[in-house]
$ cat structure.csv   # CSV, C-alpha atoms and all ligand atoms
chain,number,residue,atom,x,y,z
J,201,MET,CA,8.5,26.0,11.4
J,202,PRO,CA,9.9,22.6,12.5
J,203,ARG,CA,8.1,19.6,11.1
J,204,THR,CA,9.3,17.1,13.7
J,205,VAL,CA,8.3,13.4,13.5
J,206,LYS,CA,9.5,10.5,15.7
J,207,VAL,CA,10.1,7.5,13.6
J,208,ALA,CA,11.4,3.9,13.9
J,209,ALA,CA,12.6,1.0,11.8
J,210,ALA,CA,11.6,-2.4,13.3
J,211,GLN,CA,14.3,-4.8,12.2
J,212,ILE,CA,13.3,-8.5,12.5
J,213,GLY,CA,15.9,-11.2,13.0
J,214,SER,CA,15.7,-14.8,11.8
J,215,VAL,CA,12.3,-16.2,10.8
J,216,HIS,CA,12.5,-19.8,9.7
J,217,ARG,CA,10.4,-21.9,7.3
J,218,THR,CA,9.0,-23.6,10.3
J,219,SER,CA,8.3,-20.3,12.3
J,220,THR,CA,4.6,-19.7,12.9
J,221,ARG,CA,2.8,-16.5,12.0
J,222,ALA,CA,1.7,-16.3,15.6
J,223,SER,CA,5.3,-16.3,16.9
J,224,THR,CA,6.5,-13.7,14.3
J,225,MET,CA,3.4,-11.6,15.1
J,226,GLU,CA,4.3,-11.7,18.8
J,227,ARG,CA,7.8,-10.4,18.0
J,228,MET,CA,6.5,-7.7,15.7
J,229,ILE,CA,4.0,-6.5,18.4
J,230,LYS,CA,6.9,-6.4,20.9
J,231,LEU,CA,8.9,-4.3,18.5
J,232,LEU,CA,5.9,-2.0,18.0
J,233,ASP,CA,5.4,-1.6,21.7
J,234,SER,CA,9.0,-0.8,22.4
J,235,ALA,CA,9.2,1.7,19.5
J,236,ALA,CA,6.0,3.3,20.9
J,237,ALA,CA,7.6,3.5,24.4
J,238,LYS,CA,10.4,5.5,22.8
J,239,GLY,CA,7.7,7.9,21.4
J,240,ALA,CA,7.7,6.7,17.8
J,241,GLN,CA,4.7,8.0,15.8
J,242,LEU,CA,5.6,5.8,12.8
J,243,VAL,CA,7.1,2.3,12.8
J,244,VAL,CA,8.4,0.7,9.6
J,245,PHE,CA,8.5,-3.1,9.3
J,246,PRO,CA,10.4,-5.1,6.6
J,247,GLU,CA,9.4,-6.6,3.2
J,248,CYS,CA,7.3,-9.8,3.6
J,249,ALA,CA,7.5,-9.2,7.3
J,250,PHE,CA,5.0,-11.8,8.6
J,251,THR,CA,6.8,-14.9,7.3
J,252,THR,CA,10.2,-16.2,6.4
J,253,PHE,CA,11.4,-14.8,3.0
J,254,PHE,CA,9.6,-17.5,1.1
J,255,PRO,CA,10.6,-16.7,-2.5
J,256,ARG,CA,13.8,-18.5,-1.9
J,257,TYR,CA,12.0,-21.9,-1.9
J,258,LEU,CA,10.8,-23.8,-4.9
J,259,PHE,CA,7.3,-25.0,-3.8
J,260,HIS,CA,6.1,-28.2,-5.3
J,261,ASP,CA,3.0,-27.9,-3.1
J,262,LYS,CA,0.8,-25.0,-4.3
J,263,GLU,CA,-1.1,-25.0,-0.9
J,264,GLU,CA,2.2,-24.4,0.9
J,265,MET,CA,3.1,-21.6,-1.5
J,266,GLU,CA,-0.3,-19.9,-1.0
J,267,SER,CA,0.1,-20.2,2.8
J,268,TYR,CA,2.7,-17.4,2.7
J,269,PHE,CA,0.3,-14.9,1.2
J,270,GLU,CA,-2.3,-12.7,2.8
J,271,ASP,CA,-5.8,-12.2,1.3
J,272,ASP,CA,-6.3,-8.6,0.4
J,273,ALA,CA,-9.4,-7.2,-1.2
J,274,GLY,CA,-8.2,-3.6,-1.1
J,275,GLY,CA,-9.2,-0.7,1.2
J,276,ASN,CA,-8.8,-1.7,4.8
J,277,SER,CA,-9.1,-5.4,4.2
J,278,ILE,CA,-5.5,-6.3,5.0
J,279,ALA,CA,-5.9,-4.7,8.5
J,280,GLU,CA,-8.9,-6.9,9.1
J,281,SER,CA,-7.3,-10.1,7.6
J,282,LYS,CA,-7.3,-12.7,10.4
J,283,ASN,CA,-3.6,-13.7,10.2
J,284,VAL,CA,-2.2,-10.2,10.6
J,285,LYS,CA,-5.0,-8.2,12.3
J,286,PRO,CA,-3.4,-8.2,15.7
J,287,LEU,CA,-0.5,-6.0,14.5
J,288,PHE,CA,-3.0,-3.4,13.0
J,289,ASP,CA,-5.2,-3.6,16.1
J,290,ARG,CA,-2.2,-2.9,18.4
J,291,ALA,CA,-1.1,0.1,16.2
J,292,ARG,CA,-4.7,1.4,16.5
J,293,GLU,CA,-4.6,1.0,20.3
J,294,LEU,CA,-1.2,2.8,20.5
J,295,GLN,CA,-2.3,5.4,17.9
J,296,VAL,CA,1.0,4.7,16.1
J,297,ASP,CA,1.2,4.5,12.3
J,298,ILE,CA,2.8,1.4,10.7
J,299,TRP,CA,4.2,0.6,7.3
J,300,VAL,CA,4.5,-3.2,6.6
J,301,GLY,CA,5.3,-5.5,3.8
J,302,TYR,CA,3.5,-8.8,2.9
J,303,GLY,CA,2.8,-11.2,0.1
J,304,GLU,CA,-0.6,-10.0,-1.3
J,305,ARG,CA,-3.2,-12.3,-2.9
J,306,THR,CA,-6.0,-10.4,-4.5
J,307,PRO,CA,-9.6,-11.8,-4.8
J,308,GLU,CA,-8.8,-12.7,-8.4
J,309,GLY,CA,-5.8,-14.8,-7.3
J,310,ARG,CA,-3.1,-12.4,-8.4
J,311,HIS,CA,0.1,-12.1,-6.3
J,312,PHE,CA,2.2,-9.1,-5.5
J,313,ASN,CA,5.0,-8.1,-3.2
J,314,THR,CA,3.2,-5.3,-1.3
J,315,ALA,CA,3.4,-2.8,1.5
J,316,VAL,CA,0.7,-0.7,3.1
J,317,TYR,CA,0.8,2.4,5.2
J,318,TYR,CA,-1.7,2.2,8.0
J,319,SER,CA,-2.6,5.2,10.1
J,320,GLY,CA,-3.0,4.2,13.7
J,321,ARG,CA,-4.7,7.5,14.4
J,322,THR,CA,-7.5,7.1,11.8
J,323,GLY,CA,-7.6,3.3,11.6
J,324,GLU,CA,-7.3,3.4,7.8
J,325,VAL,CA,-4.9,2.0,5.2
J,326,ILE,CA,-4.0,5.2,3.5
J,327,SER,CA,-1.5,3.9,0.9
J,328,LYS,CA,-0.6,0.7,-0.8
J,329,TYR,CA,2.5,0.0,-2.9
J,330,ARG,CA,3.4,-3.0,-5.0
J,331,LYS,CA,7.1,-3.8,-5.7
J,332,THR,CA,8.1,-2.7,-9.1
J,333,HIS,CA,11.6,-4.2,-9.6
J,334,VAL,CA,10.9,-7.8,-8.8
J,335,PRO,CA,14.3,-9.6,-9.0
J,336,GLY,CA,15.4,-13.2,-9.4
J,337,PHE,CA,14.3,-16.1,-11.5
J,338,VAL,CA,11.0,-17.7,-12.7
J,339,ASP,CA,12.6,-21.1,-12.7
J,340,PRO,CA,15.7,-22.2,-10.7
J,341,PRO,CA,18.8,-22.5,-12.9
J,342,PHE,CA,19.1,-26.1,-11.9
J,343,PRO,CA,16.6,-28.5,-10.3
J,344,ASN,CA,15.8,-27.6,-6.7
J,345,ALA,CA,18.3,-24.8,-6.5
J,346,GLU,CA,17.6,-22.6,-3.5
J,347,VAL,CA,17.8,-19.2,-5.2
J,348,HIS,CA,15.8,-16.0,-5.5
J,349,LEU,CA,12.5,-16.9,-7.2
J,350,GLU,CA,10.6,-13.7,-6.7
J,351,LYS,CA,9.7,-13.5,-10.4
J,352,ARG,CA,8.0,-16.9,-10.1
J,353,TYR,CA,5.8,-15.8,-7.2
J,354,PHE,CA,5.1,-12.1,-7.7
J,355,GLU,CA,3.8,-10.0,-10.6
J,356,THR,CA,5.4,-6.7,-11.4
J,357,GLY,CA,3.8,-4.0,-9.3
J,358,ASP,CA,1.1,-2.0,-11.1
J,359,LEU,CA,0.5,0.9,-8.9
J,360,GLY,CA,3.4,3.1,-9.9
J,361,PHE,CA,5.1,5.4,-7.4
J,362,GLN,CA,2.3,7.3,-5.7
J,363,ALA,CA,3.4,9.7,-3.0
J,364,PHE,CA,0.8,10.3,-0.2
J,365,ARG,CA,0.2,12.7,2.6
J,366,VAL,CA,-0.1,11.4,6.1
J,367,PRO,CA,-2.5,13.1,8.5
J,368,GLY,CA,-1.9,13.7,12.2
J,369,LEU,CA,1.9,13.5,12.4
J,370,VAL,CA,2.8,17.2,12.3
J,371,PRO,CA,0.6,19.8,14.0
J,372,GLY,CA,-0.5,23.1,12.3
J,373,THR,CA,-0.2,21.9,8.7
J,374,LEU,CA,-2.0,23.7,5.9
J,375,LYS,CA,-5.1,22.0,4.6
J,376,ALA,CA,-6.9,22.2,1.2
J,377,ASP,CA,-9.1,25.1,2.4
J,378,THR,CA,-6.1,27.4,3.1
J,379,THR,CA,-6.0,30.8,1.5
J,380,GLU,CA,-2.2,30.9,1.5
J,381,SER,CA,-0.7,30.8,-2.0
J,382,ASP,CA,2.7,29.2,-1.2
J,383,THR,CA,1.8,25.8,0.3
J,384,GLU,CA,5.0,23.9,-0.6
J,385,GLY,CA,6.4,22.1,2.4
J,386,LYS,CA,3.6,23.3,4.6
J,387,GLY,CA,0.9,20.6,4.2
J,388,ASP,CA,0.8,17.2,5.9
J,389,PRO,CA,4.1,15.3,5.4
J,390,ILE,CA,4.6,13.6,2.0
J,391,PHE,CA,5.8,10.0,2.0
J,392,GLY,CA,6.7,7.3,-0.6
J,393,SER,CA,7.2,3.6,-0.4
J,394,LEU,CA,9.7,1.2,-2.0
J,395,ILE,CA,10.4,-2.5,-1.5
J,396,CYS,CA,13.9,-3.9,-1.3
J,397,ASN,CA,15.3,-4.1,-4.9
J,398,ASP,CA,13.5,-0.9,-5.8
J,399,ARG,CA,15.9,1.0,-3.6
J,400,ARG,CA,18.8,0.3,-5.9
J,401,TRP,CA,17.1,2.0,-8.9
J,402,PRO,CA,17.2,5.8,-9.1
J,403,GLU,CA,14.1,5.6,-11.3
J,404,SER,CA,12.1,4.5,-8.3
J,405,TRP,CA,13.1,7.5,-6.2
J,406,ARG,CA,12.8,10.3,-8.7
J,407,PRO,CA,9.0,10.0,-9.1
J,408,TYR,CA,8.8,10.5,-5.3
J,409,GLY,CA,11.3,13.4,-5.5
J,410,LEU,CA,9.1,15.0,-8.2
J,411,GLN,CA,6.1,14.7,-5.9
J,412,GLY,CA,7.9,16.5,-3.1
J,413,ALA,CA,8.5,13.4,-0.9
J,414,GLU,CA,10.0,14.2,2.5
J,415,LEU,CA,10.4,10.6,3.7
J,416,VAL,CA,10.7,7.4,1.7
J,417,LEU,CA,9.9,4.1,3.5
J,418,VAL,CA,11.7,0.9,2.5
J,419,GLY,CA,11.4,-2.7,3.6
J,420,PHE,CA,14.0,-5.2,2.5
J,421,ASN,CA,15.4,-8.8,2.6
J,422,THR,CA,19.0,-8.7,1.3
J,423,ASN,CA,21.3,-11.7,1.1
J,424,GLY,CA,24.6,-11.5,2.8
J,425,LYS,CA,25.9,-14.5,0.9
J,426,ALA,CA,27.8,-14.3,-2.3
J,427,ASP,CA,26.1,-17.3,-3.9
J,428,ASP,CA,22.8,-15.8,-5.1
J,429,ILE,CA,22.0,-13.9,-8.3
J,430,TYR,CA,23.9,-10.7,-7.4
J,431,LYS,CA,27.3,-12.1,-7.1
J,432,PRO,CA,30.2,-9.8,-6.1
J,433,ARG,CA,32.4,-8.9,-9.1
J,434,ARG,CA,35.4,-10.9,-7.6
J,435,PRO,CA,35.7,-14.0,-5.4
J,436,ILE,CA,35.5,-12.9,-1.8
J,437,SER,CA,35.0,-14.4,1.6
J,438,LEU,CA,31.5,-14.7,3.2
J,439,GLU,CA,32.4,-11.9,5.6
J,440,ASP,CA,33.6,-9.6,2.8
J,441,ALA,CA,30.5,-10.5,0.7
J,442,ARG,CA,28.3,-9.4,3.6
J,443,LYS,CA,30.2,-6.1,4.0
J,444,GLU,CA,29.8,-5.5,0.2
J,445,ALA,CA,26.0,-6.1,0.4
J,446,LEU,CA,25.8,-3.7,3.4
J,447,PHE,CA,27.9,-1.2,1.5
J,448,HIS,CA,25.5,-1.3,-1.5
J,449,HIS,CA,22.5,-1.0,0.8
J,450,ARG,CA,23.9,2.1,2.4
J,451,LEU,CA,25.0,3.6,-0.9
J,452,ALA,CA,21.5,3.2,-2.3
J,453,MET,CA,19.8,4.7,0.7
J,454,GLN,CA,22.2,7.5,1.3
J,455,TYR,CA,22.7,8.7,-2.3
J,456,ASN,CA,19.0,8.6,-3.2
J,457,SER,CA,18.0,10.4,0.0
J,458,TYR,CA,20.5,13.1,-0.9
J,459,ALA,CA,19.6,13.4,-4.5
J,460,ASN,CA,15.9,13.7,-3.7
J,461,SER,CA,16.4,15.8,-0.6
J,462,CYS,CA,14.3,13.5,1.5
J,463,PHE,CA,14.7,11.4,4.7
J,464,SER,CA,14.5,7.6,4.4
J,465,ILE,CA,13.8,4.7,6.7
J,466,SER,CA,14.8,1.2,5.8
J,467,ALA,CA,13.8,-1.9,7.8
J,468,GLY,CA,15.3,-5.3,7.1
J,469,ARG,CA,14.6,-8.9,7.9
J,470,CYS,CA,18.0,-10.2,8.8
J,471,GLY,CA,19.9,-13.1,10.5
J,472,MET,CA,20.4,-16.7,9.5
J,473,ASP,CA,17.1,-18.2,8.3
J,474,ASP,CA,16.9,-22.0,8.5
J,475,GLY,CA,20.5,-21.9,9.7
J,476,LYS,CA,21.7,-21.3,6.2
J,477,PHE,CA,20.2,-18.2,4.5
J,478,ASP,CA,22.2,-15.2,5.6
J,479,LEU,CA,20.4,-11.8,5.4
J,480,ILE,CA,22.1,-8.5,6.2
J,481,GLY,CA,20.9,-6.1,8.9
J,482,GLY,CA,21.7,-2.4,8.5
J,483,SER,CA,18.2,-1.0,9.0
J,484,SER,CA,18.6,2.7,9.1
J,485,ILE,CA,17.3,6.2,9.2
J,486,VAL,CA,19.0,8.6,6.7
J,487,ASP,CA,18.7,12.4,6.6
J,488,SER,CA,18.1,14.5,3.5
J,489,ASP,CA,21.8,15.2,3.1
J,490,GLY,CA,22.4,11.5,2.9
J,491,HIS,CA,23.9,11.0,6.4
J,492,ILE,CA,22.9,7.9,8.4
J,493,ILE,CA,21.5,9.2,11.6
J,494,ALA,CA,20.6,5.9,13.2
J,495,GLU,CA,21.4,2.3,12.2
J,496,ALA,CA,20.9,-1.2,13.6
J,497,ALA,CA,23.8,-2.5,15.7
J,498,THR,CA,22.6,-6.2,15.5
J,499,VAL,CA,21.3,-8.8,13.1
J,500,ASP,CA,18.4,-9.5,15.3
J,501,ASP,CA,15.1,-7.9,16.4
J,502,GLU,CA,15.9,-4.3,17.1
J,503,VAL,CA,14.2,-0.9,17.1
J,504,VAL,CA,16.1,1.9,15.3
J,505,PHE,CA,14.8,5.2,16.4
J,506,ALA,CA,15.3,8.9,15.5
J,507,GLU,CA,13.5,12.2,15.8
J,508,ILE,CA,13.6,13.9,12.4
J,509,ASP,CA,12.7,17.4,11.2
J,510,LEU,CA,11.2,17.2,7.7
J,511,GLU,CA,11.8,20.9,7.4
J,512,GLU,CA,15.5,20.1,6.8
J,513,CYS,CA,14.4,18.7,3.3
J,514,ARG,CA,13.7,22.3,2.2
J,515,LYS,CA,17.4,23.2,1.9
J,516,GLY,CA,18.2,20.6,-0.9
J,517,LYS,CA,14.8,21.0,-2.5
J,518,LYS,CA,15.3,24.8,-2.9
J,519,ASP,CA,19.0,24.7,-3.6
J,520,ILE,CA,21.2,22.0,-5.3
J,521,PHE,CA,18.2,19.8,-6.2
J,522,ASN,CA,15.8,22.5,-7.0
J,523,PHE,CA,14.1,20.4,-9.8
J,524,GLY,CA,11.9,23.2,-11.1
J,525,VAL,CA,15.0,25.3,-11.9
J,526,ASN,CA,17.6,22.7,-12.7
J,527,ARG,CA,16.1,19.6,-14.3
J,528,GLN,CA,16.3,19.2,-18.0
J,529,PRO,CA,13.5,16.6,-18.9
J,530,GLN,CA,13.8,17.3,-22.6
J,531,SER,CA,17.2,15.4,-22.4
J,532,TYR,CA,16.0,12.5,-20.4
J,533,GLY,CA,13.7,10.7,-22.9
J,534,ILE,CA,16.0,7.7,-23.3
J,535,ILE,CA,15.2,6.7,-19.7
J,536,THR,CA,11.6,5.9,-20.4
J,537,GLU,CA,11.9,5.1,-24.2
J,538,GLN,CA,14.5,2.4,-23.8
J,539,LYS,CA,14.7,-0.5,-21.5
J,540,GLY,CA,18.1,-2.3,-22.0
J,541,VAL,CA,21.5,-1.0,-23.0
J,542,VAL,CA,22.0,0.1,-26.6
J,543,GLU,CA,25.7,1.0,-27.1
J,544,PRO,CA,26.9,3.6,-29.6
J,545,LYS,CA,27.8,2.2,-33.0
J,546,LEU,CA,31.2,0.5,-33.2
J,547,LEU,CA,34.0,2.7,-34.5
J,548,ALA,CA,35.3,2.3,-38.1
U,1,LIG,N1,14.2,-9.0,-1.7
U,1,LIG,C1,15.0,-8.4,-2.7
U,1,LIG,O1,14.6,-7.7,-3.5
U,1,LIG,N2,16.3,-8.7,-2.6
U,1,LIG,C2,17.3,-8.2,-3.6
U,1,LIG,C3,18.4,-9.2,-3.8
U,1,LIG,C4,17.9,-10.4,-4.5
U,1,LIG,C5,19.6,-8.6,-4.4
U,1,LIG,C6,17.9,-6.9,-3.1
U,1,LIG,O2,18.0,-6.0,-3.9
U,1,LIG,O3,18.4,-6.8,-2.0
$ encode --input "structure.csv" --output "structure tokens"
Amino acid sequence: MPRTVKVAAAQIGSVHRTSTRASTMERMIKLLDSAAAKGAQLVVFPECAFTTFFPRYLFHDKEEMESYFEDDAGGNSIAESKNVKPLFDRARELQVDIWVGYGERTPEGRHFNTAVYYSGRTGEVISKYRKTHVPGFVDPPFPNAEVHLEKRYFETGDLGFQAFRVPGLVPGTLKADTTESDTEGKGDPIFGSLICNDRRWPESWRPYGLQGAELVLVGFNTNGKADDIYKPRRPISLEDARKEALFHHRLAMQYNSYANSCFSISAGRCGMDDGKFDLIGGSSIVDSDGHIIAEAATVDDEVVFAEIDLEECRKGKKDIFNFGVNRQPQSYGIITEQKGVVEPKLLA
């Protein structure tokens, strides 16, 4: 039985430090409307989608820093939060699901780099994810350096990698009251979430693979410039640096989709923020064999759309990546027991 879903990545071009939430929201709603007009049942937005990518600034003014975060008391509260409610309301009107990233401030004043999955059909936030691999510095390496300061502003995500089922996307799915014994791949679709740097780590994807994920959703903000923390290994031009960044983005999305036999959607913030911070585009939809089936053609606001059949995941899950048959977890202990590199002893 086909398990067809129409999906879209809503790529967002430049958003400057001076851009207002209202103007960004207007662009996001326009992208949502145009994805819905193509028939999208799910639209994925980028990491920290409502504002410019603020962790690049060193804020001396705490009030300004806090102004980039959304208050979130859990449950449905983000969908009701006054700054961002119009996007969720529009998704509800259109009956389209959305996945969107934002800076989360909890009632206790904790800060996370977060994304939620909101079902436009039920009007509920059905999953929340907090970024696990938070990159960058706590303090700039020299005064007022404009570098990646995510570690300064966000705690490490504490929700793990919880896959979730999404209701209402695929008709005729098995429910908990079924009498069938083999339910694998027949229930409501199984999704997972990752945020930007997470996508580079196979450790982020495998927990989803092990929960049978059929689609992994990713929002990102990735520098095109070679002057940030992830420098290319050799000196190259700005254009080559951007190509290299795009290559590594594609490599991460394609390989991990293949190795976990799942589709993936990545949605980026891109373009030249403040006229000087270059972010790559390359928002994409990748199939469970690792092929890019749709990709952004611009570094501006753009909808990337595809109709995907989640049934295609079964092939890899039953074959080359049949985990139940082929994985050898007794040999993988080092992955969770050890954090950094420990080289073998030096030779005599
Ligand atoms: N927002 C990110 O996590 N960006 C990182 C950069 C810093 C390398 C990324 O992995 O794209």
$ residues_near_ligand --input "structure.csv" --ligand "ligand LIG 1 (chain U)" --cutoff "10 Å" --atoms "only C-alpha atoms and all ligand atoms" --output "PyMOL selection string"
chain J and resi 246-248+253+255-256+313+331-337+347-350+395-401+419-424+428-431+445-446+448-449+452+468-469+479-480
$ atom_distance --input "structure.csv" --atom1 "atom CA of Arg527 of chain J" --atom2 "atom CA of Asn456 of chain J"
15.9 Å
$ residues_around --input "structure.csv" --residues "segment 502-513 of chain J" --least-positions-apart "6" --cutoff "7 Å" --atoms "all atoms listed in the file" --output "PDB file with C-alpha atoms, in the frame of the given file"
ATOM      1  CA  PRO J 202       9.900  22.600  12.500  1.00  0.00           C
ATOM      2  CA  ARG J 203       8.100  19.600  11.100  1.00  0.00           C
ATOM      3  CA  THR J 204       9.300  17.100  13.700  1.00  0.00           C
ATOM      4  CA  VAL J 205       8.300  13.400  13.500  1.00  0.00           C
ATOM      5  CA  LYS J 206       9.500  10.500  15.700  1.00  0.00           C
ATOM      6  CA  VAL J 207      10.100   7.500  13.600  1.00  0.00           C
ATOM      7  CA  ALA J 208      11.400   3.900  13.900  1.00  0.00           C
ATOM      8  CA  ALA J 209      12.600   1.000  11.800  1.00  0.00           C
ATOM      9  CA  ALA J 210      11.600  -2.400  13.300  1.00  0.00           C
ATOM     10  CA  GLN J 211      14.300  -4.800  12.200  1.00  0.00           C
ATOM     11  CA  ILE J 212      13.300  -8.500  12.500  1.00  0.00           C
ATOM     12  CA  LEU J 231       8.900  -4.300  18.500  1.00  0.00           C
ATOM     13  CA  ALA J 235       9.200   1.700  19.500  1.00  0.00           C
ATOM     14  CA  GLU J 414      10.000  14.200   2.500  1.00  0.00           C
ATOM     15  CA  SER J 461      16.400  15.800  -0.600  1.00  0.00           C
ATOM     16  CA  CYS J 462      14.300  13.500   1.500  1.00  0.00           C
ATOM     17  CA  SER J 484      18.600   2.700   9.100  1.00  0.00           C
ATOM     18  CA  SER J 488      18.100  14.500   3.500  1.00  0.00           C
ATOM     19  CA  ALA J 494      20.600   5.900  13.200  1.00  0.00           C
ATOM     20  CA  GLU J 495      21.400   2.300  12.200  1.00  0.00           C
ATOM     21  CA  ALA J 496      20.900  -1.200  13.600  1.00  0.00           C
TER      22      ALA J 496
END
$ closest_residue --input "structure.csv" --among "J:Thr314, J:Thr251, J:Gln528, J:Gln241" --to "Gly357 of chain J" --atoms "all atoms listed in the file"
J:Thr314
$ atom_distance --input "structure.csv" --atom1 "atom CA of Leu359 of chain J" --atom2 "atom CA of Leu417 of chain J"
15.9 Å
$ closest_residue --input "structure.csv" --among "J:Ile436, J:Ile326, J:Leu232, J:Met265" --to "Thr252 of chain J" --atoms "only C-alpha atoms"
J:Met265
$ build_atoms --input "structure.csv" --residues "segment 499-506 of chain J" --atoms "all heavy atoms" --output "CSV table (one decimal), in the frame of the given file"
chain,number,residue,atom,x,y,z
J,499,VAL,N,22.1,-8.1,14.1
J,499,VAL,CA,21.3,-8.8,13.1
J,499,VAL,C,20.2,-9.6,13.7
J,499,VAL,O,20.1,-10.8,13.5
J,499,VAL,CB,22.2,-9.7,12.2
J,499,VAL,CG1,22.9,-8.9,11.1
J,499,VAL,CG2,23.2,-10.4,12.9
J,500,ASP,N,19.5,-8.9,14.5
J,500,ASP,CA,18.4,-9.5,15.3
J,500,ASP,C,17.2,-8.5,15.5
J,500,ASP,O,17.3,-7.4,14.9
J,500,ASP,CB,18.9,-9.9,16.7
J,500,ASP,CG,18.2,-11.1,17.3
J,500,ASP,OD1,17.0,-11.3,16.8
J,500,ASP,OD2,18.7,-11.7,18.2
J,501,ASP,N,16.2,-8.9,16.2
J,501,ASP,CA,15.1,-7.9,16.4
J,501,ASP,C,15.6,-6.7,17.1
J,501,ASP,O,16.3,-6.8,18.1
J,501,ASP,CB,14.0,-8.6,17.4
J,501,ASP,CG,13.3,-9.7,16.7
J,501,ASP,OD1,13.7,-10.2,15.6
J,501,ASP,OD2,12.3,-10.2,17.3
J,502,GLU,N,15.3,-5.5,16.5
J,502,GLU,CA,15.9,-4.3,17.1
J,502,GLU,C,15.1,-3.1,16.6
J,502,GLU,O,14.7,-3.1,15.4
J,502,GLU,CB,17.4,-4.1,16.6
J,502,GLU,CG,18.0,-2.9,17.1
J,502,GLU,CD,19.5,-2.8,16.7
J,502,GLU,OE1,20.1,-3.8,16.3
J,502,GLU,OE2,20.0,-1.7,16.8
J,503,VAL,N,14.9,-2.1,17.5
J,503,VAL,CA,14.2,-0.9,17.1
J,503,VAL,C,15.3,0.2,16.8
J,503,VAL,O,16.2,0.4,17.6
J,503,VAL,CB,13.3,-0.4,18.2
J,503,VAL,CG1,12.8,1.0,17.9
J,503,VAL,CG2,12.1,-1.4,18.4
J,504,VAL,N,15.2,0.8,15.6
J,504,VAL,CA,16.1,1.9,15.3
J,504,VAL,C,15.3,3.1,15.3
J,504,VAL,O,14.3,3.2,14.6
J,504,VAL,CB,16.7,1.7,13.9
J,504,VAL,CG1,17.7,2.8,13.5
J,504,VAL,CG2,17.4,0.3,13.8
J,505,PHE,N,15.6,4.1,16.1
J,505,PHE,CA,14.8,5.2,16.4
J,505,PHE,C,15.5,6.6,16.1
J,505,PHE,O,16.7,6.7,16.4
J,505,PHE,CB,14.4,5.2,17.9
J,505,PHE,CG,13.5,6.4,18.3
J,505,PHE,CD1,12.2,6.4,18.2
J,505,PHE,CD2,14.1,7.5,18.9
J,505,PHE,CE1,11.4,7.5,18.5
J,505,PHE,CE2,13.4,8.6,19.3
J,505,PHE,CZ,12.0,8.6,19.1
J,506,ALA,N,14.7,7.5,15.7
J,506,ALA,CA,15.3,8.9,15.5
J,506,ALA,C,14.1,9.9,15.5
J,506,ALA,O,13.0,9.6,15.1
J,506,ALA,CB,16.1,9.1,14.3
